[in-house]
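*Asks:* upload_3.cif is reproduced below (mmCIF, N, CA and C atoms; chains and numbers go by the auth columns).
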```
data_upload
#
loop_
_atom_site.group_PDB
_atom_site.id
_atom_site.type_symbol
_atom_site.label_atom_id
_atom_site.label_comp_id
_atom_site.label_asym_id
_atom_site.label_seq_id
_atom_site.Cartn_x
_atom_site.Cartn_y
_atom_site.Cartn_z
_atom_site.B_iso_or_equiv
_atom_site.auth_seq_id
_atom_site.auth_asym_id
ATOM 1 N N MET A 1 195.839 91.043 114.567 0.00 51 W
ATOM 2 C CA MET A 1 197.136 91.638 114.744 0.00 51 W
ATOM 3 C C MET A 1 197.173 92.299 116.120 0.00 51 W
ATOM 4 N N ALA A 2 198.171 92.010 116.894 0.00 52 W
ATOM 5 C CA ALA A 2 198.288 92.550 118.246 0.00 52 W
ATOM 6 C C ALA A 2 198.781 93.991 118.196 0.00 52 W
ATOM 7 N N GLU A 3 198.338 94.752 119.161 0.00 53 W
ATOM 8 C CA GLU A 3 198.734 96.148 119.235 0.00 53 W
ATOM 9 C C GLU A 3 200.082 96.257 119.931 0.00 53 W
ATOM 10 N N ASN A 4 201.033 96.908 119.303 0.00 54 W
ATOM 11 C CA ASN A 4 202.359 97.071 119.886 0.00 54 W
ATOM 12 C C ASN A 4 202.371 98.261 120.823 0.00 54 W
ATOM 13 N N GLY A 5 203.240 98.241 121.789 0.00 55 W
ATOM 14 C CA GLY A 5 203.380 99.348 122.711 0.00 55 W
ATOM 15 C C GLY A 5 202.614 99.110 123.991 0.00 55 W
ATOM 16 N N ARG A 6 202.826 99.973 124.916 0.00 56 W
ATOM 17 C CA ARG A 6 202.173 99.843 126.212 0.00 56 W
ATOM 18 C C ARG A 6 200.935 100.723 126.271 0.00 56 W
ATOM 19 N N SER A 7 199.999 100.341 127.108 0.00 57 W
ATOM 20 C CA SER A 7 198.783 101.144 127.228 0.00 57 W
ATOM 21 C C SER A 7 198.849 102.082 128.426 0.00 57 W
ATOM 22 N N ALA A 8 199.794 101.868 129.334 0.00 58 W
ATOM 23 C CA ALA A 8 199.950 102.769 130.474 0.00 58 W
ATOM 24 C C ALA A 8 200.694 104.021 130.021 0.00 58 W
ATOM 25 N N PRO A 9 200.342 105.173 130.581 0.00 59 W
ATOM 26 C CA PRO A 9 201.031 106.396 130.174 0.00 59 W
ATOM 27 C C PRO A 9 202.493 106.372 130.608 0.00 59 W
ATOM 28 N N GLY A 10 203.328 106.934 129.782 0.00 60 W
ATOM 29 C CA GLY A 10 204.753 107.012 130.084 0.00 60 W
ATOM 30 C C GLY A 10 205.080 108.225 130.926 0.00 60 W
ATOM 31 N N ARG A 11 206.332 108.280 131.354 0.00 61 W
ATOM 32 C CA ARG A 11 206.779 109.382 132.207 0.00 61 W
ATOM 33 C C ARG A 11 206.690 110.716 131.468 0.00 61 W
ATOM 34 N N GLY A 12 207.040 110.730 130.185 0.00 62 W
ATOM 35 C CA GLY A 12 206.971 111.969 129.412 0.00 62 W
ATOM 36 C C GLY A 12 205.551 112.473 129.255 0.00 62 W
ATOM 37 N N GLN A 13 204.607 111.552 129.075 0.00 63 W
ATOM 38 C CA GLN A 13 203.205 111.951 128.947 0.00 63 W
ATOM 39 C C GLN A 13 202.686 112.547 130.247 0.00 63 W
ATOM 40 N N LEU A 14 203.067 111.960 131.361 0.00 64 W
ATOM 41 C CA LEU A 14 202.650 112.514 132.654 0.00 64 W
ATOM 42 C C LEU A 14 203.288 113.878 132.902 0.00 64 W
ATOM 43 N N LEU A 15 204.575 114.012 132.581 0.00 65 W
ATOM 44 C CA LEU A 15 205.266 115.273 132.819 0.00 65 W
ATOM 45 C C LEU A 15 204.731 116.407 131.945 0.00 65 W
ATOM 46 N N THR A 16 204.411 116.121 130.697 0.00 66 W
ATOM 47 C CA THR A 16 203.883 117.189 129.846 0.00 66 W
ATOM 48 C C THR A 16 202.502 117.639 130.315 0.00 66 W
ATOM 49 N N THR A 17 201.675 116.692 130.741 0.00 67 W
ATOM 50 C CA THR A 17 200.350 117.063 131.241 0.00 67 W
ATOM 51 C C THR A 17 200.461 117.862 132.530 0.00 67 W
ATOM 52 N N LEU A 18 201.310 117.420 133.438 0.00 68 W
ATOM 53 C CA LEU A 18 201.506 118.168 134.687 0.00 68 W
ATOM 54 C C LEU A 18 202.166 119.525 134.437 0.00 68 W
ATOM 55 N N GLY A 19 203.055 119.588 133.451 0.00 69 W
ATOM 56 C CA GLY A 19 203.666 120.869 133.099 0.00 69 W
ATOM 57 C C GLY A 19 202.648 121.863 132.575 0.00 69 W
ATOM 58 N N LEU A 20 201.700 121.382 131.779 0.00 70 W
ATOM 59 C CA LEU A 20 200.641 122.271 131.292 0.00 70 W
ATOM 60 C C LEU A 20 199.747 122.756 132.429 0.00 70 W
ATOM 61 N N VAL A 21 199.414 121.855 133.336 0.00 71 W
ATOM 62 C CA VAL A 21 198.581 122.245 134.480 0.00 71 W
ATOM 63 C C VAL A 21 199.320 123.276 135.330 0.00 71 W
ATOM 64 N N ALA A 22 200.614 123.077 135.550 0.00 72 W
ATOM 65 C CA ALA A 22 201.405 124.036 136.328 0.00 72 W
ATOM 66 C C ALA A 22 201.498 125.379 135.610 0.00 72 W
ATOM 67 N N ALA A 23 201.674 125.357 134.297 0.00 73 W
ATOM 68 C CA ALA A 23 201.759 126.608 133.541 0.00 73 W
ATOM 69 C C ALA A 23 200.449 127.385 133.606 0.00 73 W
ATOM 70 N N VAL A 24 199.334 126.692 133.503 0.00 74 W
ATOM 71 C CA VAL A 24 198.034 127.366 133.615 0.00 74 W
ATOM 72 C C VAL A 24 197.858 127.954 135.008 0.00 74 W
ATOM 73 N N ALA A 25 198.287 127.226 136.032 0.00 75 W
ATOM 74 C CA ALA A 25 198.169 127.740 137.400 0.00 75 W
ATOM 75 C C ALA A 25 199.030 128.979 137.603 0.00 75 W
ATOM 76 N N VAL A 26 200.233 128.984 137.044 0.00 76 W
ATOM 77 C CA VAL A 26 201.116 130.145 137.181 0.00 76 W
ATOM 78 C C VAL A 26 200.532 131.334 136.432 0.00 76 W
ATOM 79 N N LEU A 27 200.067 131.113 135.203 0.00 77 W
ATOM 80 C CA LEU A 27 199.540 132.230 134.419 0.00 77 W
ATOM 81 C C LEU A 27 198.213 132.743 134.961 0.00 77 W
ATOM 82 N N ALA A 28 197.480 131.926 135.681 0.00 78 W
ATOM 83 C CA ALA A 28 196.220 132.387 136.261 0.00 78 W
ATOM 84 C C ALA A 28 196.463 133.333 137.433 0.00 78 W
ATOM 85 N N THR A 29 197.614 133.212 138.087 0.00 79 W
ATOM 86 C CA THR A 29 197.874 134.044 139.266 0.00 79 W
ATOM 87 C C THR A 29 198.858 135.179 138.993 0.00 79 W
ATOM 88 N N HIS A 30 199.743 135.031 138.011 0.00 80 W
ATOM 89 C CA HIS A 30 200.749 136.054 137.711 0.00 80 W
ATOM 90 C C HIS A 30 200.565 136.532 136.283 0.00 80 W
ATOM 91 N N HIS A 31 200.315 137.836 136.135 0.00 81 W
ATOM 92 C CA HIS A 31 200.079 138.394 134.801 0.00 81 W
ATOM 93 C C HIS A 31 201.223 139.268 134.318 0.00 81 W
ATOM 94 N N GLU A 32 202.303 139.317 135.080 0.00 82 W
ATOM 95 C CA GLU A 32 203.453 140.106 134.648 0.00 82 W
ATOM 96 C C GLU A 32 204.690 139.655 135.404 0.00 82 W
ATOM 97 N N GLY A 33 205.825 140.086 134.923 0.00 83 W
ATOM 98 C CA GLY A 33 207.077 139.806 135.604 0.00 83 W
ATOM 99 C C GLY A 33 207.667 138.446 135.264 0.00 83 W
ATOM 100 N N LEU A 34 208.679 138.095 136.057 0.00 84 W
ATOM 101 C CA LEU A 34 209.406 136.852 135.826 0.00 84 W
ATOM 102 C C LEU A 34 208.542 135.601 135.967 0.00 84 W
ATOM 103 N N PRO A 35 207.632 135.501 136.960 0.00 85 W
ATOM 104 C CA PRO A 35 206.794 134.294 137.022 0.00 85 W
ATOM 105 C C PRO A 35 205.934 134.102 135.771 0.00 85 W
ATOM 106 N N PHE A 36 205.448 135.191 135.197 0.00 86 W
ATOM 107 C CA PHE A 36 204.658 135.090 133.966 0.00 86 W
ATOM 108 C C PHE A 36 205.491 134.498 132.839 0.00 86 W
ATOM 109 N N TRP A 37 206.698 135.008 132.662 0.00 87 W
ATOM 110 C CA TRP A 37 207.524 134.528 131.560 0.00 87 W
ATOM 111 C C TRP A 37 208.025 133.109 131.789 0.00 87 W
ATOM 112 N N LEU A 38 208.321 132.756 133.032 0.00 88 W
ATOM 113 C CA LEU A 38 208.716 131.377 133.325 0.00 88 W
ATOM 114 C C LEU A 38 207.542 130.414 133.117 0.00 88 W
ATOM 115 N N GLY A 39 206.354 130.825 133.525 0.00 89 W
ATOM 116 C CA GLY A 39 205.167 130.010 133.282 0.00 89 W
ATOM 117 C C GLY A 39 204.870 129.866 131.807 0.00 89 W
ATOM 118 N N SER A 40 205.093 130.936 131.056 0.00 90 W
ATOM 119 C CA SER A 40 204.896 130.874 129.599 0.00 90 W
ATOM 120 C C SER A 40 205.892 129.942 128.945 0.00 90 W
ATOM 121 N N LEU A 41 207.144 130.016 129.374 0.00 91 W
ATOM 122 C CA LEU A 41 208.172 129.129 128.830 0.00 91 W
ATOM 123 C C LEU A 41 207.866 127.669 129.165 0.00 91 W
ATOM 124 N N LEU A 42 207.438 127.423 130.404 0.00 92 W
ATOM 125 C CA LEU A 42 207.049 126.070 130.804 0.00 92 W
ATOM 126 C C LEU A 42 205.870 125.577 129.965 0.00 92 W
ATOM 127 N N GLY A 43 204.899 126.440 129.731 0.00 93 W
ATOM 128 C CA GLY A 43 203.731 126.068 128.949 0.00 93 W
ATOM 129 C C GLY A 43 204.058 125.753 127.498 0.00 93 W
ATOM 130 N N VAL A 44 204.915 126.555 126.900 0.00 94 W
ATOM 131 C CA VAL A 44 205.300 126.303 125.504 0.00 94 W
ATOM 132 C C VAL A 44 206.060 124.980 125.404 0.00 94 W
ATOM 133 N N ALA A 45 206.958 124.735 126.350 0.00 95 W
ATOM 134 C CA ALA A 45 207.693 123.464 126.346 0.00 95 W
ATOM 135 C C ALA A 45 206.740 122.288 126.548 0.00 95 W
ATOM 136 N N ALA A 46 205.744 122.452 127.414 0.00 96 W
ATOM 137 C CA ALA A 46 204.790 121.373 127.664 0.00 96 W
ATOM 138 C C ALA A 46 203.885 121.138 126.455 0.00 96 W
ATOM 139 N N VAL A 47 203.482 122.199 125.765 0.00 97 W
ATOM 140 C CA VAL A 47 202.668 122.026 124.551 0.00 97 W
ATOM 141 C C VAL A 47 203.463 121.282 123.486 0.00 97 W
ATOM 142 N N LEU A 48 204.722 121.649 123.312 0.00 98 W
ATOM 143 C CA LEU A 48 205.557 120.925 122.352 0.00 98 W
ATOM 144 C C LEU A 48 205.762 119.480 122.790 0.00 98 W
ATOM 145 N N GLY A 49 205.896 119.259 124.092 0.00 99 W
ATOM 146 C CA GLY A 49 206.014 117.896 124.606 0.00 99 W
ATOM 147 C C GLY A 49 204.757 117.083 124.359 0.00 99 W
ATOM 148 N N CYS A 50 203.595 117.722 124.474 0.00 100 W
ATOM 149 C CA CYS A 50 202.338 117.025 124.184 0.00 100 W
ATOM 150 C C CYS A 50 202.266 116.618 122.721 0.00 100 W
ATOM 151 N N LEU A 51 202.728 117.491 121.837 0.00 101 W
ATOM 152 C CA LEU A 51 202.717 117.155 120.415 0.00 101 W
ATOM 153 C C LEU A 51 203.616 115.962 120.123 0.00 101 W
ATOM 154 N N VAL A 52 204.718 115.849 120.852 0.00 102 W
ATOM 155 C CA VAL A 52 205.642 114.740 120.639 0.00 102 W
ATOM 156 C C VAL A 52 205.150 113.466 121.319 0.00 102 W
ATOM 157 N N CYS A 53 204.712 113.573 122.562 0.00 103 W
ATOM 158 C CA CYS A 53 204.366 112.382 123.356 0.00 103 W
ATOM 159 C C CYS A 53 203.036 111.755 122.962 0.00 103 W
ATOM 160 N N PHE A 54 202.104 112.540 122.487 0.00 104 W
ATOM 161 C CA PHE A 54 200.778 112.009 122.187 0.00 104 W
ATOM 162 C C PHE A 54 200.545 111.897 120.687 0.00 104 W
ATOM 163 N N ASP A 55 201.575 111.510 119.936 0.00 105 W
ATOM 164 C CA ASP A 55 201.410 111.380 118.496 0.00 105 W
ATOM 165 C C ASP A 55 200.508 110.202 118.145 0.00 105 W
ATOM 166 N N ALA A 56 200.509 109.143 118.935 0.00 106 W
ATOM 167 C CA ALA A 56 199.649 107.981 118.682 0.00 106 W
ATOM 168 C C ALA A 56 199.312 107.313 120.019 0.00 106 W
ATOM 169 N N PRO A 57 198.335 107.870 120.768 0.00 107 W
ATOM 170 C CA PRO A 57 198.001 107.261 122.055 0.00 107 W
ATOM 171 C C PRO A 57 197.401 105.869 121.882 0.00 107 W
ATOM 172 N N ARG A 58 197.751 104.981 122.799 0.00 108 W
ATOM 173 C CA ARG A 58 197.243 103.607 122.787 0.00 108 W
ATOM 174 C C ARG A 58 196.663 103.315 124.155 0.00 108 W
ATOM 175 N N GLY A 59 195.475 102.819 124.176 0.00 109 W
ATOM 176 C CA GLY A 59 194.861 102.464 125.446 0.00 109 W
ATOM 177 C C GLY A 59 194.091 103.624 126.056 0.00 109 W
ATOM 178 N N GLY A 60 193.233 103.300 126.988 0.00 110 W
ATOM 179 C CA GLY A 60 192.360 104.292 127.596 0.00 110 W
ATOM 180 C C GLY A 60 193.071 105.356 128.407 0.00 110 W
ATOM 181 N N TRP A 61 194.088 104.956 129.174 0.00 111 W
ATOM 182 C CA TRP A 61 194.781 105.936 130.011 0.00 111 W
ATOM 183 C C TRP A 61 195.550 106.952 129.179 0.00 111 W
ATOM 184 N N GLN A 62 196.166 106.505 128.100 0.00 112 W
ATOM 185 C CA GLN A 62 196.871 107.445 127.236 0.00 112 W
ATOM 186 C C GLN A 62 195.906 108.381 126.525 0.00 112 W
ATOM 187 N N TRP A 63 194.746 107.865 126.121 0.00 113 W
ATOM 188 C CA TRP A 63 193.747 108.741 125.501 0.00 113 W
ATOM 189 C C TRP A 63 193.220 109.763 126.493 0.00 113 W
ATOM 190 N N LEU A 64 193.023 109.342 127.741 0.00 114 W
ATOM 191 C CA LEU A 64 192.550 110.271 128.767 0.00 114 W
ATOM 192 C C LEU A 64 193.559 111.395 128.978 0.00 114 W
ATOM 193 N N LEU A 65 194.839 111.041 129.101 0.00 115 W
ATOM 194 C CA LEU A 65 195.865 112.074 129.253 0.00 115 W
ATOM 195 C C LEU A 65 195.977 112.948 128.008 0.00 115 W
ATOM 196 N N ALA A 66 195.790 112.366 126.837 0.00 116 W
ATOM 197 C CA ALA A 66 195.842 113.155 125.606 0.00 116 W
ATOM 198 C C ALA A 66 194.712 114.183 125.572 0.00 116 W
ATOM 199 N N VAL A 67 193.527 113.791 125.986 0.00 117 W
ATOM 200 C CA VAL A 67 192.387 114.722 126.020 0.00 117 W
ATOM 201 C C VAL A 67 192.624 115.814 127.056 0.00 117 W
ATOM 202 N N VAL A 68 193.118 115.438 128.233 0.00 118 W
ATOM 203 C CA VAL A 68 193.419 116.437 129.273 0.00 118 W
ATOM 204 C C VAL A 68 194.503 117.392 128.772 0.00 118 W
ATOM 205 N N GLY A 69 195.533 116.870 128.139 0.00 119 W
ATOM 206 C CA GLY A 69 196.589 117.724 127.597 0.00 119 W
ATOM 207 C C GLY A 69 196.091 118.648 126.511 0.00 119 W
ATOM 208 N N PHE A 70 195.225 118.148 125.652 0.00 120 W
ATOM 209 C CA PHE A 70 194.661 118.969 124.581 0.00 120 W
ATOM 210 C C PHE A 70 193.823 120.113 125.154 0.00 120 W
ATOM 211 N N CYS A 71 192.953 119.797 126.110 0.00 121 W
ATOM 212 C CA CYS A 71 192.117 120.835 126.720 0.00 121 W
ATOM 213 C C CYS A 71 192.955 121.826 127.524 0.00 121 W
ATOM 214 N N THR A 72 193.967 121.335 128.221 0.00 122 W
ATOM 215 C CA THR A 72 194.825 122.220 128.999 0.00 122 W
ATOM 216 C C THR A 72 195.661 123.104 128.089 0.00 122 W
ATOM 217 N N SER A 73 195.988 122.634 126.898 0.00 123 W
ATOM 218 C CA SER A 73 196.705 123.474 125.938 0.00 123 W
ATOM 219 C C SER A 73 195.864 124.689 125.549 0.00 123 W
ATOM 220 N N PHE A 74 194.563 124.488 125.367 0.00 124 W
ATOM 221 C CA PHE A 74 193.685 125.614 125.067 0.00 124 W
ATOM 222 C C PHE A 74 193.552 126.546 126.264 0.00 124 W
ATOM 223 N N LEU A 75 193.509 125.991 127.470 0.00 125 W
ATOM 224 C CA LEU A 75 193.482 126.840 128.665 0.00 125 W
ATOM 225 C C LEU A 75 194.758 127.670 128.769 0.00 125 W
ATOM 226 N N PHE A 76 195.885 127.044 128.489 0.00 126 W
ATOM 227 C CA PHE A 76 197.155 127.765 128.516 0.00 126 W
ATOM 228 C C PHE A 76 197.150 128.893 127.494 0.00 126 W
ATOM 229 N N ALA A 77 196.713 128.615 126.272 0.00 127 W
ATOM 230 C CA ALA A 77 196.681 129.652 125.243 0.00 127 W
ATOM 231 C C ALA A 77 195.763 130.800 125.653 0.00 127 W
ATOM 232 N N GLY A 78 194.617 130.479 126.239 0.00 128 W
ATOM 233 C CA GLY A 78 193.707 131.521 126.706 0.00 128 W
ATOM 234 C C GLY A 78 194.307 132.360 127.823 0.00 128 W
ATOM 235 N N GLN A 79 194.926 131.699 128.807 0.00 129 W
ATOM 236 C CA GLN A 79 195.557 132.432 129.909 0.00 129 W
ATOM 237 C C GLN A 79 196.707 133.298 129.410 0.00 129 W
ATOM 238 N N PHE A 80 197.478 132.781 128.472 0.00 130 W
ATOM 239 C CA PHE A 80 198.590 133.551 127.915 0.00 130 W
ATOM 240 C C PHE A 80 198.086 134.789 127.184 0.00 130 W
ATOM 241 N N LEU A 81 197.051 134.626 126.368 0.00 131 W
ATOM 242 C CA LEU A 81 196.516 135.775 125.633 0.00 131 W
ATOM 243 C C LEU A 81 195.873 136.796 126.566 0.00 131 W
ATOM 244 N N ILE A 82 195.164 136.316 127.585 0.00 132 W
ATOM 245 C CA ILE A 82 194.559 137.239 128.549 0.00 132 W
ATOM 246 C C ILE A 82 195.632 138.062 129.238 0.00 132 W
ATOM 247 N N ALA A 83 196.689 137.394 129.696 0.00 133 W
ATOM 248 C CA ALA A 83 197.756 138.102 130.393 0.00 133 W
ATOM 249 C C ALA A 83 198.526 139.029 129.453 0.00 133 W
ATOM 250 N N LEU A 84 198.716 138.605 128.217 0.00 134 W
ATOM 251 C CA LEU A 84 199.475 139.403 127.277 0.00 134 W
ATOM 252 C C LEU A 84 198.699 140.639 126.820 0.00 134 W
ATOM 253 N N LEU A 85 197.394 140.522 126.682 0.00 135 W
ATOM 254 C CA LEU A 85 196.593 141.625 126.151 0.00 135 W
ATOM 255 C C LEU A 85 196.051 142.578 127.216 0.00 135 W
ATOM 256 N N THR A 86 196.252 142.249 128.495 0.00 136 W
ATOM 257 C CA THR A 86 195.776 143.171 129.541 0.00 136 W
ATOM 258 C C THR A 86 196.872 144.056 130.050 0.00 136 W
#
```
Do you think you could lay out the structure here as structure tokens?
*Replies:*
Amino acid sequence: MAENGRSAPGRGQLLTTLGLVAAVAVLATHHEGLPFWLGSLLGVAAVLGCLVCFDAPRGGWQWLLAVVGFCTSFLFAGQFLIALLT
């Protein structure tokens, strides 16, 4: 049985991964104020996007982005908690 779907990552998968990386970068440098909250909002949207876009990765490139997104989600959660609790 042939596998349906494409193995190359889609635009949404790339955007959610890049959004998580950007959110982690913002939260690593800004721990208060408007940049913190905008980075947090971007991160939450990107985490939700990862849950939607990586529901069933197919192919090596999609799995690689799924792993990067999963690990970056934990980095985002850690940065958010560090900034929130300090």
*Asks:* Could you write out as a count of residues only the residues that the PyMOL selection byres ((chain W and resi 60-70) around 6) matches in the shown file?
*Replies:* 15
*Asks:* DSSP on the backbone: which residues in chain W end up as alpha helix (DSSP H)? Give the answer as a short mmCIF file (atom, residue, chain, number, x, y, z; two decimals) with N, CA and C atoms, in the frame of the given file.
*Replies:*
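Written output follows (states-v6.cif):
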```cif
data_model
loop_
_atom_site.label_atom_id
_atom_site.label_comp_id
_atom_site.auth_asym_id
_atom_site.auth_seq_id
_atom_site.Cartn_x
_atom_site.Cartn_y
_atom_site.Cartn_z
N ARG W 61 206.33 108.28 131.35
CA ARG W 61 206.78 109.38 132.21
C ARG W 61 206.69 110.72 131.47
N GLY W 62 207.04 110.73 130.18
CA GLY W 62 206.97 111.97 129.41
C GLY W 62 205.55 112.47 129.26
N GLN W 63 204.61 111.55 129.07
CA GLN W 63 203.20 111.95 128.95
C GLN W 63 202.69 112.55 130.25
N LEU W 64 203.07 111.96 131.36
CA LEU W 64 202.65 112.51 132.65
C LEU W 64 203.29 113.88 132.90
N LEU W 65 204.58 114.01 132.58
CA LEU W 65 205.27 115.27 132.82
C LEU W 65 204.73 116.41 131.94
N THR W 66 204.41 116.12 130.70
CA THR W 66 203.88 117.19 129.85
C THR W 66 202.50 117.64 130.32
N THR W 67 201.68 116.69 130.74
CA THR W 67 200.35 117.06 131.24
C THR W 67 200.46 117.86 132.53
N LEU W 68 201.31 117.42 133.44
CA LEU W 68 201.51 118.17 134.69
C LEU W 68 202.17 119.52 134.44
N GLY W 69 203.06 119.59 133.45
CA GLY W 69 203.67 120.87 133.10
C GLY W 69 202.65 121.86 132.57
N LEU W 70 201.70 121.38 131.78
CA LEU W 70 200.64 122.27 131.29
C LEU W 70 199.75 122.76 132.43
N VAL W 71 199.41 121.86 133.34
CA VAL W 71 198.58 122.24 134.48
C VAL W 71 199.32 123.28 135.33
N ALA W 72 200.61 123.08 135.55
CA ALA W 72 201.40 124.04 136.33
C ALA W 72 201.50 125.38 135.61
N ALA W 73 201.67 125.36 134.30
CA ALA W 73 201.76 126.61 133.54
C ALA W 73 200.45 127.38 133.61
N VAL W 74 199.33 126.69 133.50
CA VAL W 74 198.03 127.37 133.62
C VAL W 74 197.86 127.95 135.01
N ALA W 75 198.29 127.23 136.03
CA ALA W 75 198.17 127.74 137.40
C ALA W 75 199.03 128.98 137.60
N VAL W 76 200.23 128.98 137.04
CA VAL W 76 201.12 130.15 137.18
C VAL W 76 200.53 131.33 136.43
N LEU W 77 200.07 131.11 135.20
CA LEU W 77 199.54 132.23 134.42
C LEU W 77 198.21 132.74 134.96
N ALA W 78 197.48 131.93 135.68
CA ALA W 78 196.22 132.39 136.26
C ALA W 78 196.46 133.33 137.43
N THR W 79 197.61 133.21 138.09
CA THR W 79 197.87 134.04 139.27
C THR W 79 198.86 135.18 138.99
N GLY W 83 205.82 140.09 134.92
CA GLY W 83 207.08 139.81 135.60
C GLY W 83 207.67 138.45 135.26
N LEU W 84 208.68 138.10 136.06
CA LEU W 84 209.41 136.85 135.83
C LEU W 84 208.54 135.60 135.97
N PRO W 85 207.63 135.50 136.96
CA PRO W 85 206.79 134.29 137.02
C PRO W 85 205.93 134.10 135.77
N PHE W 86 205.45 135.19 135.20
CA PHE W 86 204.66 135.09 133.97
C PHE W 86 205.49 134.50 132.84
N TRP W 87 206.70 135.01 132.66
CA TRP W 87 207.52 134.53 131.56
C TRP W 87 208.02 133.11 131.79
N LEU W 88 208.32 132.76 133.03
CA LEU W 88 208.72 131.38 133.32
C LEU W 88 207.54 130.41 133.12
N GLY W 89 206.35 130.82 133.52
CA GLY W 89 205.17 130.01 133.28
C GLY W 89 204.87 129.87 131.81
N SER W 90 205.09 130.94 131.06
CA SER W 90 204.90 130.87 129.60
C SER W 90 205.89 129.94 128.94
N LEU W 91 207.14 130.02 129.37
CA LEU W 91 208.17 129.13 128.83
C LEU W 91 207.87 127.67 129.16
N LEU W 92 207.44 127.42 130.40
CA LEU W 92 207.05 126.07 130.80
C LEU W 92 205.87 125.58 129.96
N GLY W 93 204.90 126.44 129.73
CA GLY W 93 203.73 126.07 128.95
C GLY W 93 204.06 125.75 127.50
N VAL W 94 204.92 126.56 126.90
CA VAL W 94 205.30 126.30 125.50
C VAL W 94 206.06 124.98 125.40
N ALA W 95 206.96 124.74 126.35
CA ALA W 95 207.69 123.46 126.35
C ALA W 95 206.74 122.29 126.55
N ALA W 96 205.74 122.45 127.41
CA ALA W 96 204.79 121.37 127.66
C ALA W 96 203.88 121.14 126.46
N VAL W 97 203.48 122.20 125.76
CA VAL W 97 202.67 122.03 124.55
C VAL W 97 203.46 121.28 123.49
N LEU W 98 204.72 121.65 123.31
CA LEU W 98 205.56 120.92 122.35
C LEU W 98 205.76 119.48 122.79
N GLY W 99 205.90 119.26 124.09
CA GLY W 99 206.01 117.90 124.61
C GLY W 99 204.76 117.08 124.36
N CYS W 100 203.60 117.72 124.47
CA CYS W 100 202.34 117.02 124.18
C CYS W 100 202.27 116.62 122.72
N LEU W 101 202.73 117.49 121.84
CA LEU W 101 202.72 117.16 120.42
C LEU W 101 203.62 115.96 120.12
N VAL W 102 204.72 115.85 120.85
CA VAL W 102 205.64 114.74 120.64
C VAL W 102 205.15 113.47 121.32
N CYS W 103 204.71 113.57 122.56
CA CYS W 103 204.37 112.38 123.36
C CYS W 103 203.04 111.76 122.96
N GLY W 110 193.23 103.30 126.99
CA GLY W 110 192.36 104.29 127.60
C GLY W 110 193.07 105.36 128.41
N TRP W 111 194.09 104.96 129.17
CA TRP W 111 194.78 105.94 130.01
C TRP W 111 195.55 106.95 129.18
N GLN W 112 196.17 106.50 128.10
CA GLN W 112 196.87 107.44 127.24
C GLN W 112 195.91 108.38 126.52
N TRP W 113 194.75 107.86 126.12
CA TRP W 113 193.75 108.74 125.50
C TRP W 113 193.22 109.76 126.49
N LEU W 114 193.02 109.34 127.74
CA LEU W 114 192.55 110.27 128.77
C LEU W 114 193.56 111.40 128.98
N LEU W 115 194.84 111.04 129.10
CA LEU W 115 195.86 112.07 129.25
C LEU W 115 195.98 112.95 128.01
N ALA W 116 195.79 112.37 126.84
CA ALA W 116 195.84 113.16 125.61
C ALA W 116 194.71 114.18 125.57
N VAL W 117 193.53 113.79 125.99
CA VAL W 117 192.39 114.72 126.02
C VAL W 117 192.62 115.81 127.06
N VAL W 118 193.12 115.44 128.23
CA VAL W 118 193.42 116.44 129.27
C VAL W 118 194.50 117.39 128.77
N GLY W 119 195.53 116.87 128.14
CA GLY W 119 196.59 117.72 127.60
C GLY W 119 196.09 118.65 126.51
N PHE W 120 195.22 118.15 125.65
CA PHE W 120 194.66 118.97 124.58
C PHE W 120 193.82 120.11 125.15
N CYS W 121 192.95 119.80 126.11
CA CYS W 121 192.12 120.84 126.72
C CYS W 121 192.96 121.83 127.52
N THR W 122 193.97 121.34 128.22
CA THR W 122 194.82 122.22 129.00
C THR W 122 195.66 123.10 128.09
N SER W 123 195.99 122.63 126.90
CA SER W 123 196.70 123.47 125.94
C SER W 123 195.86 124.69 125.55
N PHE W 124 194.56 124.49 125.37
CA PHE W 124 193.68 125.61 125.07
C PHE W 124 193.55 126.55 126.26
N LEU W 125 193.51 125.99 127.47
CA LEU W 125 193.48 126.84 128.66
C LEU W 125 194.76 127.67 128.77
N PHE W 126 195.88 127.04 128.49
CA PHE W 126 197.16 127.76 128.52
C PHE W 126 197.15 128.89 127.49
N ALA W 127 196.71 128.62 126.27
CA ALA W 127 196.68 129.65 125.24
C ALA W 127 195.76 130.80 125.65
N GLY W 128 194.62 130.48 126.24
CA GLY W 128 193.71 131.52 126.71
C GLY W 128 194.31 132.36 127.82
N GLN W 129 194.93 131.70 128.81
CA GLN W 129 195.56 132.43 129.91
C GLN W 129 196.71 133.30 129.41
N PHE W 130 197.48 132.78 128.47
CA PHE W 130 198.59 133.55 127.92
C PHE W 130 198.09 134.79 127.18
N LEU W 131 197.05 134.63 126.37
CA LEU W 131 196.52 135.78 125.63
C LEU W 131 195.87 136.80 126.57
N ILE W 132 195.16 136.32 127.58
CA ILE W 132 194.56 137.24 128.55
C ILE W 132 195.63 138.06 129.24
N ALA W 133 196.69 137.39 129.70
CA ALA W 133 197.76 138.10 130.39
C ALA W 133 198.53 139.03 129.45
N LEU W 134 198.72 138.60 128.22
CA LEU W 134 199.48 139.40 127.28
C LEU W 134 198.70 140.64 126.82
N LEU W 135 197.39 140.52 126.68
CA LEU W 135 196.59 141.62 126.15
C LEU W 135 196.05 142.58 127.22
#
```
*Asks:* In Å to one decimal, how far is atom N of W:Arg108 from atom C of W:Ser90?
*Replies:*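 Computing it gives 27.0 Å between the two atoms.
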*Asks:* Hey, can you check how far atom CA of W:Ala78 sits from atom CA of W:Leu115?
*Replies:* 21.5 Å
*Asks:* Could you work out how far atom CA of W:Gln129 lies from atom N of W:Pro85, giving the answer in Å with one decimal?
*Replies:* 14.3 Å
*Asks:* Calculated over only C-alpha atoms, which of the candidates W:Val76, W:Ala106, W:His81, W:Ala116 has the smallest distance to W:Leu131?
*Replies:*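 For W:Leu131, the nearest of the given residues is W:His81.
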*Asks:* Please list as number ranges by chain every residue within 6.5 Å of W:Ser57, counting all atoms listed in the file and excluding residues in the same chain fewer than 6 positions away.
*Replies:* W: 108-112
*Asks:* Apply the PyMOL selection byres (((chain W and resi 132 and name CA) around 12) and name CA) to the file shown and report the selected residues as a list in words.
*Replies:*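 This file, filtered by the PyMOL selection byres (((chain W and resi 132 and name CA) around 12) and name CA), leaves Val74, Leu77, Ala78, Thr79, His80, His81, Glu82, Phe86, Leu125, Phe126, Ala127, Gly128, Gln129, Phe130, Leu131, Ala133, Leu134, Leu135 and Thr136 of chain W.
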